[in-house]
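Q: What follows is the file protein_3.pdb, containing PDB, C-alpha atoms:
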```
ATOM      1  CA  MET A   1     -28.815  21.004  -3.147
ATOM      2  CA  SER A   2     -27.861  20.575   0.509
ATOM      3  CA  SER A   3     -25.719  17.652   1.577
ATOM      4  CA  ASN A   4     -28.570  16.454   3.809
ATOM      5  CA  ALA A   5     -31.015  16.254   0.915
ATOM      6  CA  ARG A   6     -28.810  14.450  -1.498
ATOM      7  CA  HIS A   7     -27.117  11.812   0.643
ATOM      8  CA  VAL A   8     -28.771   8.653   1.956
ATOM      9  CA  PRO A   9     -26.039   6.753   3.843
ATOM     10  CA  VAL A  10     -25.680   3.127   2.761
ATOM     11  CA  MET A  11     -26.699   0.405   5.264
ATOM     12  CA  LEU A  12     -26.698   3.062   7.972
ATOM     13  CA  GLN A  13     -28.597   1.221  10.699
ATOM     14  CA  ARG A  14     -26.486  -1.906  10.393
ATOM     15  CA  CYS A  15     -23.244   0.087  10.579
ATOM     16  CA  LEU A  16     -24.467   1.844  13.726
ATOM     17  CA  ASP A  17     -25.610  -1.420  15.327
ATOM     18  CA  MET A  18     -22.289  -3.085  14.520
ATOM     19  CA  LEU A  19     -20.271  -0.290  16.149
ATOM     20  CA  ALA A  20     -22.683   0.330  19.060
ATOM     21  CA  PRO A  21     -21.196  -2.008  21.720
ATOM     22  CA  ALA A  22     -17.867  -0.156  21.477
ATOM     23  CA  LEU A  23     -19.237   3.401  21.570
ATOM     24  CA  THR A  24     -21.403   3.639  24.681
ATOM     25  CA  GLU A  25     -18.723   4.722  27.170
ATOM     26  CA  PRO A  26     -18.125   8.479  27.707
ATOM     27  CA  GLY A  27     -15.083   9.670  25.756
ATOM     28  CA  ALA A  28     -15.199   6.891  23.169
ATOM     29  CA  VAL A  29     -13.570   7.969  19.892
ATOM     30  CA  VAL A  30     -14.991   6.874  16.546
ATOM     31  CA  VAL A  31     -13.267   7.570  13.228
ATOM     32  CA  ASP A  32     -15.223   8.048  10.007
ATOM     33  CA  CYS A  33     -12.441   7.443   7.500
ATOM     34  CA  THR A  34     -14.635   8.415   4.522
ATOM     35  CA  LEU A  35     -16.571  11.506   5.570
ATOM     36  CA  GLY A  36     -18.131  12.399   2.203
ATOM     37  CA  ALA A  37     -21.299  14.430   2.703
ATOM     38  CA  GLY A  38     -21.325  13.552   6.408
ATOM     39  CA  GLY A  39     -24.355  11.263   6.605
ATOM     40  CA  HIS A  40     -22.689   8.450   8.534
ATOM     41  CA  SER A  41     -20.834  10.945  10.762
ATOM     42  CA  GLU A  42     -24.017  12.830  11.651
ATOM     43  CA  ALA A  43     -25.750   9.556  12.560
ATOM     44  CA  LEU A  44     -22.788   8.431  14.710
ATOM     45  CA  LEU A  45     -22.748  11.703  16.673
ATOM     46  CA  THR A  46     -26.528  11.600  17.126
ATOM     47  CA  ARG A  47     -26.791   7.982  18.245
ATOM     48  CA  PHE A  48     -23.719   8.033  20.525
ATOM     49  CA  PRO A  49     -23.979  11.335  22.438
ATOM     50  CA  GLU A  50     -20.960  10.537  24.648
ATOM     51  CA  ALA A  51     -18.674   9.802  21.694
ATOM     52  CA  ARG A  52     -16.139  12.019  19.964
ATOM     53  CA  LEU A  53     -15.788  11.860  16.171
ATOM     54  CA  VAL A  54     -12.675  12.196  14.017
ATOM     55  CA  ALA A  55     -13.584  12.322  10.308
ATOM     56  CA  LEU A  56     -11.226  12.192   7.318
ATOM     57  CA  ASP A  57     -11.657  13.168   3.683
ATOM     58  CA  ARG A  58      -9.223  14.244   0.975
ATOM     59  CA  ASP A  59     -11.892  16.299  -0.839
ATOM     60  CA  PRO A  60     -11.984  19.969   0.300
ATOM     61  CA  THR A  61     -15.540  20.365  -1.031
ATOM     62  CA  ALA A  62     -16.745  17.410   1.039
ATOM     63  CA  LEU A  63     -15.049  18.788   4.158
ATOM     64  CA  ALA A  64     -16.722  22.185   3.705
ATOM     65  CA  LEU A  65     -20.209  20.726   3.167
ATOM     66  CA  ALA A  66     -19.909  18.162   5.953
ATOM     67  CA  GLY A  67     -18.491  20.858   8.242
ATOM     68  CA  GLU A  68     -21.732  22.830   7.877
ATOM     69  CA  ARG A  69     -23.778  19.697   8.513
ATOM     70  CA  LEU A  70     -21.835  18.741  11.648
ATOM     71  CA  ALA A  71     -21.468  22.273  13.054
ATOM     72  CA  PRO A  72     -24.283  21.739  15.624
ATOM     73  CA  PHE A  73     -22.140  19.086  17.321
ATOM     74  CA  GLY A  74     -19.419  21.626  18.110
ATOM     75  CA  ASP A  75     -16.073  20.303  19.299
ATOM     76  CA  ARG A  76     -17.315  16.694  19.424
ATOM     77  CA  ALA A  77     -16.452  16.531  15.707
ATOM     78  CA  THR A  78     -12.913  16.990  14.394
ATOM     79  CA  LEU A  79     -12.684  17.092  10.587
ATOM     80  CA  VAL A  80      -9.300  16.480   8.970
ATOM     81  CA  ARG A  81      -8.210  16.764   5.353
ATOM     82  CA  ALA A  82      -6.401  13.454   4.795
ATOM     83  CA  VAL A  83      -6.540  10.221   2.812
ATOM     84  CA  TYR A  84      -7.660   7.314   4.987
ATOM     85  CA  HIS A  85      -4.296   5.518   4.907
ATOM     86  CA  GLU A  86      -2.929   8.570   6.759
ATOM     87  CA  LEU A  87      -5.011   7.609   9.828
ATOM     88  CA  PRO A  88      -1.989   6.796  12.073
ATOM     89  CA  ASP A  89      -0.475  10.259  11.416
ATOM     90  CA  VAL A  90      -3.827  11.984  12.046
ATOM     91  CA  LEU A  91      -4.334  10.193  15.375
ATOM     92  CA  ALA A  92      -0.748  10.912  16.426
ATOM     93  CA  ARG A  93      -1.200  14.641  15.707
ATOM     94  CA  LEU A  94      -4.422  14.667  17.722
ATOM     95  CA  GLY A  95      -2.811  12.793  20.615
ATOM     96  CA  ILE A  96      -5.227   9.853  20.391
ATOM     97  CA  PRO A  97      -3.413   6.556  21.066
ATOM     98  CA  ARG A  98      -6.386   4.219  20.544
ATOM     99  CA  VAL A  99      -9.924   4.494  19.193
ATOM    100  CA  GLN A 100     -13.104   2.553  19.959
ATOM    101  CA  GLY A 101     -14.695   2.557  16.498
ATOM    102  CA  VAL A 102     -13.737   2.922  12.821
ATOM    103  CA  LEU A 103     -16.057   3.177   9.817
ATOM    104  CA  PHE A 104     -15.085   3.007   6.131
ATOM    105  CA  ASP A 105     -17.547   3.684   3.296
ATOM    106  CA  LEU A 106     -15.194   2.981   0.397
ATOM    107  CA  GLY A 107     -15.350   4.101  -3.227
ATOM    108  CA  VAL A 108     -16.655   7.339  -4.655
ATOM    109  CA  SER A 109     -19.096   9.300  -2.485
ATOM    110  CA  SER A 110     -22.661  10.108  -3.505
ATOM    111  CA  MET A 111     -21.765  13.781  -3.348
ATOM    112  CA  GLN A 112     -18.971  13.326  -5.897
ATOM    113  CA  LEU A 113     -21.193  11.269  -8.196
ATOM    114  CA  ASP A 114     -23.861  13.963  -8.037
ATOM    115  CA  GLU A 115     -21.473  16.787  -8.970
ATOM    116  CA  ALA A 116     -21.529  16.556 -12.776
ATOM    117  CA  ASP A 117     -18.291  18.472 -13.305
ATOM    118  CA  ARG A 118     -16.263  15.946 -11.286
ATOM    119  CA  GLY A 119     -16.434  13.415 -14.157
ATOM    120  CA  PHE A 120     -17.139  10.332 -12.005
ATOM    121  CA  ALA A 121     -20.488   9.442 -13.571
ATOM    122  CA  TYR A 122     -20.648   7.919 -17.052
ATOM    123  CA  ALA A 123     -24.357   8.773 -17.377
ATOM    124  CA  GLN A 124     -23.707  12.477 -18.004
ATOM    125  CA  ASP A 125     -21.157  14.391 -20.035
ATOM    126  CA  ALA A 126     -18.479  16.055 -17.929
ATOM    127  CA  PRO A 127     -14.743  16.794 -17.898
ATOM    128  CA  LEU A 128     -12.758  13.572 -17.399
ATOM    129  CA  ASP A 129     -11.345  14.478 -13.994
ATOM    130  CA  MET A 130     -12.248  11.839 -11.344
ATOM    131  CA  ARG A 131      -9.832  13.200  -8.728
ATOM    132  CA  MET A 132     -11.271  13.036  -5.222
ATOM    133  CA  ASP A 133      -8.971  15.960  -4.418
ATOM    134  CA  GLN A 134      -9.085  18.266  -7.424
ATOM    135  CA  THR A 135      -6.097  20.264  -6.197
ATOM    136  CA  ALA A 136      -3.592  17.429  -6.635
ATOM    137  CA  GLY A 137      -2.521  14.587  -8.891
ATOM    138  CA  ILE A 138      -3.363  13.557 -12.439
ATOM    139  CA  SER A 139      -6.841  13.443 -13.950
ATOM    140  CA  ALA A 140      -8.555  10.598 -15.802
ATOM    141  CA  ALA A 141      -7.967  12.530 -19.033
ATOM    142  CA  ASP A 142      -4.215  12.578 -18.280
ATOM    143  CA  VAL A 143      -4.267   8.802 -17.806
ATOM    144  CA  LEU A 144      -6.137   8.199 -21.079
ATOM    145  CA  ASN A 145      -4.003  10.599 -23.095
ATOM    146  CA  THR A 146      -0.517   9.806 -21.787
ATOM    147  CA  TYR A 147      -0.307   6.228 -20.490
ATOM    148  CA  ALA A 148       1.327   3.583 -22.678
ATOM    149  CA  PRO A 149      -1.174   1.158 -24.253
ATOM    150  CA  GLY A 150       0.136  -1.751 -22.172
ATOM    151  CA  ASP A 151      -0.398   0.193 -18.940
ATOM    152  CA  LEU A 152      -3.926   1.139 -19.955
ATOM    153  CA  VAL A 153      -4.766  -2.507 -20.694
ATOM    154  CA  ARG A 154      -3.345  -3.545 -17.307
ATOM    155  CA  ILE A 155      -5.400  -0.895 -15.482
ATOM    156  CA  LEU A 156      -8.663  -1.819 -17.204
ATOM    157  CA  ARG A 157      -8.109  -5.528 -16.572
ATOM    158  CA  SER A 158      -6.833  -5.228 -12.989
ATOM    159  CA  TYR A 159      -9.024  -2.438 -11.642
ATOM    160  CA  GLY A 160     -12.108  -2.714 -13.852
ATOM    161  CA  GLU A 161     -12.066  -6.473 -14.454
ATOM    162  CA  GLU A 162     -12.783  -5.522 -18.083
ATOM    163  CA  LYS A 163     -12.517  -8.535 -20.406
ATOM    164  CA  GLN A 164     -12.522  -6.284 -23.490
ATOM    165  CA  ALA A 165      -9.636  -4.105 -22.248
ATOM    166  CA  LYS A 166      -7.496  -4.632 -25.354
ATOM    167  CA  ARG A 167     -10.287  -3.603 -27.756
ATOM    168  CA  ILE A 168     -11.101  -0.498 -25.735
ATOM    169  CA  VAL A 169      -7.453   0.571 -25.426
ATOM    170  CA  GLU A 170      -6.811   0.083 -29.147
ATOM    171  CA  ALA A 171      -9.738   2.408 -29.865
ATOM    172  CA  VAL A 172      -8.542   4.950 -27.266
ATOM    173  CA  VAL A 173      -5.004   5.030 -28.679
ATOM    174  CA  LYS A 174      -6.307   5.517 -32.221
ATOM    175  CA  GLU A 175      -8.634   8.348 -31.161
ATOM    176  CA  ARG A 176      -6.258  10.202 -28.823
ATOM    177  CA  VAL A 177      -3.818  10.748 -31.704
ATOM    178  CA  LYS A 178      -6.531  12.682 -33.549
ATOM    179  CA  GLU A 179      -7.628  14.650 -30.493
ATOM    180  CA  PRO A 180      -6.876  14.242 -26.758
ATOM    181  CA  PHE A 181      -9.739  13.072 -24.553
ATOM    182  CA  THR A 182     -11.309  15.761 -22.387
ATOM    183  CA  ASN A 183     -14.933  14.724 -21.735
ATOM    184  CA  SER A 184     -16.729  11.612 -20.569
ATOM    185  CA  ALA A 185     -19.374  11.402 -23.338
ATOM    186  CA  ARG A 186     -16.738  10.809 -26.011
ATOM    187  CA  LEU A 187     -15.189   8.007 -23.986
ATOM    188  CA  VAL A 188     -18.588   6.380 -23.320
ATOM    189  CA  GLU A 189     -19.412   6.497 -27.043
ATOM    190  CA  LEU A 190     -16.009   5.031 -27.946
ATOM    191  CA  ILE A 191     -16.503   2.136 -25.496
ATOM    192  CA  ARG A 192     -19.968   1.388 -26.903
ATOM    193  CA  ASP A 193     -18.555   1.315 -30.431
ATOM    194  CA  ALA A 194     -15.527  -0.797 -29.475
ATOM    195  CA  LEU A 195     -17.387  -3.587 -27.670
ATOM    196  CA  PRO A 196     -18.915  -6.565 -29.474
ATOM    197  CA  GLN A 197     -22.709  -6.824 -29.262
ATOM    198  CA  ALA A 198     -22.559  -9.820 -26.904
ATOM    199  CA  ALA A 199     -20.559  -7.806 -24.354
ATOM    200  CA  LYS A 200     -23.199  -5.036 -24.316
ATOM    201  CA  ARG A 201     -26.197  -7.257 -23.568
ATOM    202  CA  HIS A 202     -25.706  -7.570 -19.814
ATOM    203  CA  GLY A 203     -23.862  -5.992 -16.911
ATOM    204  CA  GLY A 204     -25.345  -2.494 -17.098
ATOM    205  CA  ASN A 205     -23.645   0.438 -18.793
ATOM    206  CA  PRO A 206     -20.694  -0.898 -20.834
ATOM    207  CA  ALA A 207     -18.553   2.059 -19.677
ATOM    208  CA  LYS A 208     -18.963   1.179 -15.990
ATOM    209  CA  ARG A 209     -15.850  -1.004 -15.666
ATOM    210  CA  THR A 210     -13.582   1.418 -17.547
ATOM    211  CA  PHE A 211     -14.731   4.363 -15.402
ATOM    212  CA  GLN A 212     -14.145   2.319 -12.231
ATOM    213  CA  ALA A 213     -10.645   1.412 -13.402
ATOM    214  CA  LEU A 214      -9.726   5.011 -14.245
ATOM    215  CA  ARG A 215     -11.065   6.277 -10.909
ATOM    216  CA  ILE A 216      -9.071   3.691  -8.946
ATOM    217  CA  GLU A 217      -5.884   4.560 -10.863
ATOM    218  CA  VAL A 218      -6.326   8.337 -10.532
ATOM    219  CA  ASN A 219      -6.884   8.152  -6.765
ATOM    220  CA  ALA A 220      -4.545   5.199  -6.021
ATOM    221  CA  GLU A 221      -7.520   3.702  -4.202
ATOM    222  CA  LEU A 222      -6.458   0.076  -3.838
ATOM    223  CA  ALA A 223      -3.001   0.946  -2.514
ATOM    224  CA  SER A 224      -4.683   3.282  -0.039
ATOM    225  CA  VAL A 225      -7.149   0.580   1.099
ATOM    226  CA  GLU A 226      -4.320  -1.960   1.433
ATOM    227  CA  ALA A 227      -2.521   0.405   3.833
ATOM    228  CA  ALA A 228      -5.607   1.819   5.575
ATOM    229  CA  ILE A 229      -7.434  -1.309   6.763
ATOM    230  CA  PRO A 230      -4.462  -2.791   8.706
ATOM    231  CA  ALA A 231      -3.692   0.685  10.112
ATOM    232  CA  ALA A 232      -7.291   1.053  11.316
ATOM    233  CA  VAL A 233      -7.225  -2.389  12.961
ATOM    234  CA  ALA A 234      -3.948  -1.455  14.680
ATOM    235  CA  ALA A 235      -5.541   1.745  16.008
ATOM    236  CA  LEU A 236      -8.420  -0.097  17.709
ATOM    237  CA  ALA A 237      -8.420  -0.498  21.475
ATOM    238  CA  VAL A 238      -9.325  -3.936  22.816
ATOM    239  CA  GLY A 239     -13.114  -4.091  22.529
ATOM    240  CA  GLY A 240     -13.039  -1.594  19.656
ATOM    241  CA  ARG A 241     -14.916  -2.345  16.437
ATOM    242  CA  ILE A 242     -14.412  -1.673  12.725
ATOM    243  CA  ALA A 243     -17.094  -1.688  10.002
ATOM    244  CA  VAL A 244     -16.188  -1.527   6.294
ATOM    245  CA  LEU A 245     -18.537  -0.980   3.352
ATOM    246  CA  SER A 246     -17.060  -2.003  -0.032
ATOM    247  CA  TYR A 247     -18.649  -1.639  -3.458
ATOM    248  CA  GLN A 248     -16.468  -3.794  -5.681
ATOM    249  CA  SER A 249     -14.762  -7.141  -5.338
ATOM    250  CA  LEU A 250     -11.184  -5.816  -5.347
ATOM    251  CA  GLU A 251     -11.738  -3.704  -2.220
ATOM    252  CA  ASP A 252     -13.836  -6.359  -0.510
ATOM    253  CA  ARG A 253     -11.104  -8.957  -1.073
ATOM    254  CA  ILE A 254      -8.544  -6.748   0.704
ATOM    255  CA  VAL A 255     -10.871  -6.238   3.693
ATOM    256  CA  LYS A 256     -11.669  -9.959   3.847
ATOM    257  CA  GLN A 257      -7.973 -10.904   3.829
ATOM    258  CA  VAL A 258      -6.994  -8.417   6.567
ATOM    259  CA  PHE A 259      -9.872  -9.492   8.816
ATOM    260  CA  ALA A 260      -9.266 -13.206   8.191
ATOM    261  CA  ALA A 261      -5.566 -12.847   9.044
ATOM    262  CA  GLY A 262      -6.416 -11.011  12.271
ATOM    263  CA  ALA A 263      -8.978 -13.652  13.259
ATOM    264  CA  ALA A 264      -6.572 -16.563  12.697
ATOM    265  CA  THR A 265      -4.028 -18.034  15.086
ATOM    266  CA  THR A 266      -0.403 -17.383  14.156
ATOM    267  CA  ALA A 267       0.899 -20.406  16.092
ATOM    268  CA  PRO A 268       3.215 -22.879  14.376
ATOM    269  CA  PRO A 269       1.281 -26.067  13.540
ATOM    270  CA  GLY A 270       1.294 -28.904  16.044
ATOM    271  CA  LEU A 271       1.453 -26.960  19.330
ATOM    272  CA  PRO A 272      -0.638 -28.770  21.971
ATOM    273  CA  VAL A 273      -1.525 -25.450  23.640
ATOM    274  CA  VAL A 274      -1.536 -22.160  21.758
ATOM    275  CA  PRO A 275       0.307 -19.450  23.764
ATOM    276  CA  GLU A 276      -1.402 -16.080  24.243
ATOM    277  CA  ARG A 277       0.897 -14.280  21.815
ATOM    278  CA  TYR A 278      -0.322 -16.487  18.949
ATOM    279  CA  GLN A 279      -4.035 -16.091  19.682
ATOM    280  CA  PRO A 280      -6.277 -14.215  17.202
ATOM    281  CA  ARG A 281      -6.402 -10.433  17.545
ATOM    282  CA  LEU A 282      -9.817 -10.051  15.903
ATOM    283  CA  LYS A 283     -13.266 -11.586  16.192
ATOM    284  CA  LEU A 284     -15.297 -11.447  12.963
ATOM    285  CA  LEU A 285     -18.703  -9.773  13.348
ATOM    286  CA  THR A 286     -20.100 -10.882   9.987
ATOM    287  CA  ARG A 287     -20.375 -14.333   8.447
ATOM    288  CA  GLY A 288     -18.877 -13.516   5.070
ATOM    289  CA  ALA A 289     -20.047 -10.130   3.809
ATOM    290  CA  GLU A 290     -23.513  -8.816   4.668
ATOM    291  CA  LEU A 291     -25.556  -7.580   1.706
ATOM    292  CA  PRO A 292     -28.136  -4.783   1.609
ATOM    293  CA  THR A 293     -31.811  -5.701   1.894
ATOM    294  CA  GLU A 294     -34.310  -5.012  -0.882
ATOM    295  CA  GLU A 295     -35.641  -2.146   1.246
ATOM    296  CA  GLU A 296     -32.186  -0.604   1.574
ATOM    297  CA  VAL A 297     -31.640  -0.802  -2.185
ATOM    298  CA  ALA A 298     -35.114   0.664  -2.836
ATOM    299  CA  GLU A 299     -34.261   3.603  -0.542
ATOM    300  CA  ASN A 300     -30.834   4.118  -2.134
ATOM    301  CA  ARG A 301     -30.011   2.381  -5.423
ATOM    302  CA  ARG A 302     -26.292   3.003  -4.817
ATOM    303  CA  ALA A 303     -26.473   0.486  -1.978
ATOM    304  CA  ALA A 304     -27.019  -2.391  -4.447
ATOM    305  CA  PRO A 305     -23.373  -3.527  -4.795
ATOM    306  CA  ALA A 306     -22.477  -2.833  -1.125
ATOM    307  CA  ARG A 307     -20.753  -5.468   1.016
ATOM    308  CA  LEU A 308     -20.437  -4.929   4.777
ATOM    309  CA  ARG A 309     -17.797  -6.629   6.931
ATOM    310  CA  GLY A 310     -17.022  -6.027  10.581
ATOM    311  CA  ALA A 311     -14.547  -7.120  13.240
ATOM    312  CA  GLU A 312     -13.830  -6.554  16.930
ATOM    313  CA  ARG A 313     -10.379  -6.181  18.473
ATOM    314  CA  ILE A 314     -10.097  -8.846  21.188
ATOM    315  CA  ARG A 315      -6.398  -8.771  22.041
ATOM    316  CA  GLU A 316      -3.401  -6.445  21.950
ATOM    317  CA  GLU A 317      -0.391  -7.219  19.755
ATOM    318  CA  ALA A 318       2.104  -9.614  21.290
ATOM    319  CA  PRO A 319       5.122  -7.752  22.742
TER     320      PRO A 319
END
```
Show this structure as structure tokens.

A:
Amino acid sequence: MSSNARHVPVMLQRCLDMLAPALTEPGAVVVDCTLGAGGHSEALLTRFPEARLVALDRDPTALALAGERLAPFGDRATLVRAVYHELPDVLARLGIPRVQGVLFDLGVSSMQLDEADRGFAYAQDAPLDMRMDQTAGISAADVLNTYAPGDLVRILRSYGEEKQAKRIVEAVVKERVKEPFTNSARLVELIRDALPQAAKRHGGNPAKRTFQALRIEVNAELASVEAAIPAAVAALAVGGRIAVLSYQSLEDRIVKQVFAAGAATTAPPGLPVVPERYQPRLKLLTRGAELPTEEEVAENRRAAPARLRGAERIREEAP
């Protein structure tokens, strides 16, 4: 299946509209920090014909597929193999001091979910891998088979917000002694068996939270987001804009906190006049987080949990 056929970008029109005021000038640079199958990048290059795109992804497969998709745009698109928190290094290597737009579409990409052998989806049996870059790091199976029980409980509670973490981990530890975990179906079955009936009645697939937690641990996603969002804000020129799509509350909370801090004054309390150096650096472009419409969810069911936040850089850092 081609990348074009399988990927419907989430909340595409709203992301484009949010970034548009910053991307109309010739030579404007926009960074797609989460290239994936290239849907958002293709739309950015099409809508803003004067703009140059820099796109990052750690997944070599994604870079190859998106490279084919974006080939018609020639040297307007620069694709870089990197994790999004490496944005400052990427821009420095390319000699780009400031950018006019940044887009993040966080979480696992549709392309990775659709590739059964990547092990991201709990709905089909596959090797328990979950690495966004399959050439590096530990797999989800490694985490399940080698982590201490206490660490597994912490991961499921912190990253999956799983209330039944202790039950699930007790079952995992008992089973991994008999035979190490290798495939997702066995883990899904174990979770179903471990949970009390009441916990299985709502909230979708009972394995969803455990799979999310393992994926975040394997790819160090939250640490990467915590570093990447401030770095992206710092890279914006005055008048530049950033749009971030999150799919779970942990990521969204990080984005909200970074934007709120940038939009707040840093002046000591009680000053009659706030000096320029204490003025906010950001203007928020969304009131809270924007949610997808029913139409957007009908077009792409993966848009359902999406939360969109945006901000504009209105001032340089104080010297």

Q: With distances taken over all atoms listed in the file, which residue among A:Leu65, A:Val143, A:Ala304, A:Val31 lies nearest Phe211 in chain A?

A: A:Val143

Q: Find the residues near Asp75 in chain A: any atom within 12 Å, counting only C-alpha atoms, skip ones fewer than 2 places away on the same chain, and give them as a ChimeraX atom specification.

A: /A:45,51-54,67,70-73,77-79

Q: Could you expand the PyMOL selection byres ((chain A and resi 300) around 12) into the explicit residues it covers here, written as a list in words?

A: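 This file gives the following for the PyMOL selection byres ((chain A and resi 300) around 12): Arg6, His7, Val8, Pro9, Val10, Met11, Leu12, Ser110, Pro292, Thr293, Glu294, Glu295, Glu296, Val297, Ala298, Glu299, Arg301, Arg302, Ala303, Ala304, Pro305 and Ala306 of chain A.
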
Q: Name every residue that the PyMOL selection byres ((chain A and resi 87) around 9) selects in this structure, writing the answer as number ranges by chain with chains first and numbers rising.

A: A: 31, 33, 56, 82-86, 88-92, 228, 231-232, 235

Q: Could you state which residues are captured by the PyMOL selection byres ((chain A and resi 182) around 10) in this file, as a list in words?

A: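 Applying the expression gives Gly119, Ala126, Pro127, Leu128, Asp129, Ser139, Ala140, Ala141, Asp142, Leu144, Asn145, Arg176, Glu179, Pro180, Phe181, Asn183, Ser184, Ala185, Arg186 and Leu187 of chain A.
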
Q: Which residue gives the smallest distance to Arg47 in chain A among A:Glu290, A:Met132, A:Arg192, A:Cys15, with all atoms listed in the file counted?

A: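 Distance minimum relative to Arg47 in chain A lands on A:Cys15.
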
Q: Out of A:Asp32, A:Asp17, A:Asp151, A:Glu162, which residue has the shortest atom-to-atom distance to Leu285 in chain A when counting all atoms listed in the file?

A: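 The closest residue to Leu285 in chain A is A:Asp17.
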
Q: So how far away is CA of Val218 in chain A from CA of Arg167 in chain A, in Å?

A: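 Separation of CA of Arg167 in chain A and CA of Val218 in chain A: 21.3 Å.
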
Q: With distances taken over all atoms listed in the file, which of A:Pro60, A:Pro230, A:Pro275, A:Pro49 is nearest to Val102 in chain A?

A: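 Among the listed residues, the smallest separation from Val102 in chain A belongs to A:Pro230.
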
Q: Rounded to one decimal place, report the CA of Leu308 in chain A-CA of Glu251 in chain A distance in Å.

A: 11.2 Å

Q: Determine, counting all atoms listed in the file, which protein, DNA and RNA residues have an atom within 10 Å of an atom of Ala28 in chain A; residues of the same chain fewer than 3 positions away are not included. Present the result as a list in words.

A: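 Everything that qualifies: Ala22, Leu23, Thr24, Glu25, Phe48, Pro49, Glu50, Ala51, Arg52, Leu53, Arg98, Val99, Gln100, Gly101 and Gly240 of chain A.
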
Q: Write the selection just made, keeping C-alpha atoms, as a CSV table (one decimal), in the frame of the given file?

A:
```
chain,number,residue,atom,x,y,z
A,22,ALA,CA,-17.9,-0.2,21.5
A,23,LEU,CA,-19.2,3.4,21.6
A,24,THR,CA,-21.4,3.6,24.7
A,25,GLU,CA,-18.7,4.7,27.2
A,48,PHE,CA,-23.7,8.0,20.5
A,49,PRO,CA,-24.0,11.3,22.4
A,50,GLU,CA,-21.0,10.5,24.6
A,51,ALA,CA,-18.7,9.8,21.7
A,52,ARG,CA,-16.1,12.0,20.0
A,53,LEU,CA,-15.8,11.9,16.2
A,98,ARG,CA,-6.4,4.2,20.5
A,99,VAL,CA,-9.9,4.5,19.2
A,100,GLN,CA,-13.1,2.6,20.0
A,101,GLY,CA,-14.7,2.6,16.5
A,240,GLY,CA,-13.0,-1.6,19.7
```

Q: Using only C-alpha atoms, which of A:Gln257, A:Gln279, A:Gln248, A:Thr265 sits nearest Gly107 in chain A?

A: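 Distance minimum relative to Gly107 in chain A lands on A:Gln248.
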
Q: So which one's closest to Val172 in chain A, A:Thr34, A:Thr210, A:Pro196, A:Gly310? Using all atoms listed in the file, please.

A: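 Among the listed residues, A:Thr210 lies closest to Val172 in chain A.
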
Q: Is there a way to get, as a PyMOL selection string, all residues within 6 Å of the point (-6.7, -1.3, -22.3) in file coordinates, counting all atoms listed in the file?

A: chain A and resi 152-153+156+165-166+168-169

Q: Quick one, how far is CA of Gly137 in chain A from CA of Ala223 in chain A?

A: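 Computing it gives 15.1 Å between the two atoms.
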
Q: Generate the coordinates of N, CA, C and O atoms for range 302-310 of chain A; report them as an mmCIF file, in the frame of the given file.

A:
```
data_model
loop_
_atom_site.group_PDB
_atom_site.id
_atom_site.type_symbol
_atom_site.label_atom_id
_atom_site.label_comp_id
_atom_site.auth_asym_id
_atom_site.auth_seq_id
_atom_site.Cartn_x
_atom_site.Cartn_y
_atom_site.Cartn_z
ATOM 1 N N ARG A 302 -27.752 3.154 -4.876
ATOM 2 C CA ARG A 302 -26.292 3.003 -4.817
ATOM 3 C C ARG A 302 -25.846 1.981 -3.778
ATOM 4 O O ARG A 302 -24.672 1.616 -3.713
ATOM 5 N N ALA A 303 -26.795 1.520 -2.958
ATOM 6 C CA ALA A 303 -26.473 0.486 -1.978
ATOM 7 C C ALA A 303 -26.386 -0.894 -2.617
ATOM 8 O O ALA A 303 -25.843 -1.828 -2.009
ATOM 9 N N ALA A 304 -26.890 -1.055 -3.843
ATOM 10 C CA ALA A 304 -27.019 -2.391 -4.447
ATOM 11 C C ALA A 304 -25.744 -3.224 -4.413
ATOM 12 O O ALA A 304 -25.785 -4.406 -4.052
ATOM 13 N N PRO A 305 -24.576 -2.680 -4.799
ATOM 14 C CA PRO A 305 -23.373 -3.527 -4.795
ATOM 15 C C PRO A 305 -22.651 -3.589 -3.448
ATOM 16 O O PRO A 305 -21.594 -4.223 -3.352
ATOM 17 N N ALA A 306 -23.199 -2.962 -2.397
ATOM 18 C CA ALA A 306 -22.477 -2.833 -1.125
ATOM 19 C C ALA A 306 -22.253 -4.179 -0.442
ATOM 20 O O ALA A 306 -23.102 -5.082 -0.508
ATOM 21 N N ARG A 307 -21.114 -4.306 0.209
ATOM 22 C CA ARG A 307 -20.753 -5.468 1.016
ATOM 23 C C ARG A 307 -20.236 -4.945 2.353
ATOM 24 O O ARG A 307 -19.310 -4.134 2.383
ATOM 25 N N LEU A 308 -20.823 -5.408 3.454
ATOM 26 C CA LEU A 308 -20.437 -4.929 4.777
ATOM 27 C C LEU A 308 -19.721 -6.031 5.549
ATOM 28 O O LEU A 308 -20.227 -7.150 5.667
ATOM 29 N N ARG A 309 -18.541 -5.716 6.055
ATOM 30 C CA ARG A 309 -17.797 -6.629 6.931
ATOM 31 C C ARG A 309 -17.426 -5.893 8.215
ATOM 32 O O ARG A 309 -17.147 -4.683 8.194
ATOM 33 N N GLY A 310 -17.382 -6.632 9.306
ATOM 34 C CA GLY A 310 -17.022 -6.027 10.581
ATOM 35 C C GLY A 310 -16.160 -6.945 11.420
ATOM 36 O O GLY A 310 -16.164 -8.170 11.243
#
```
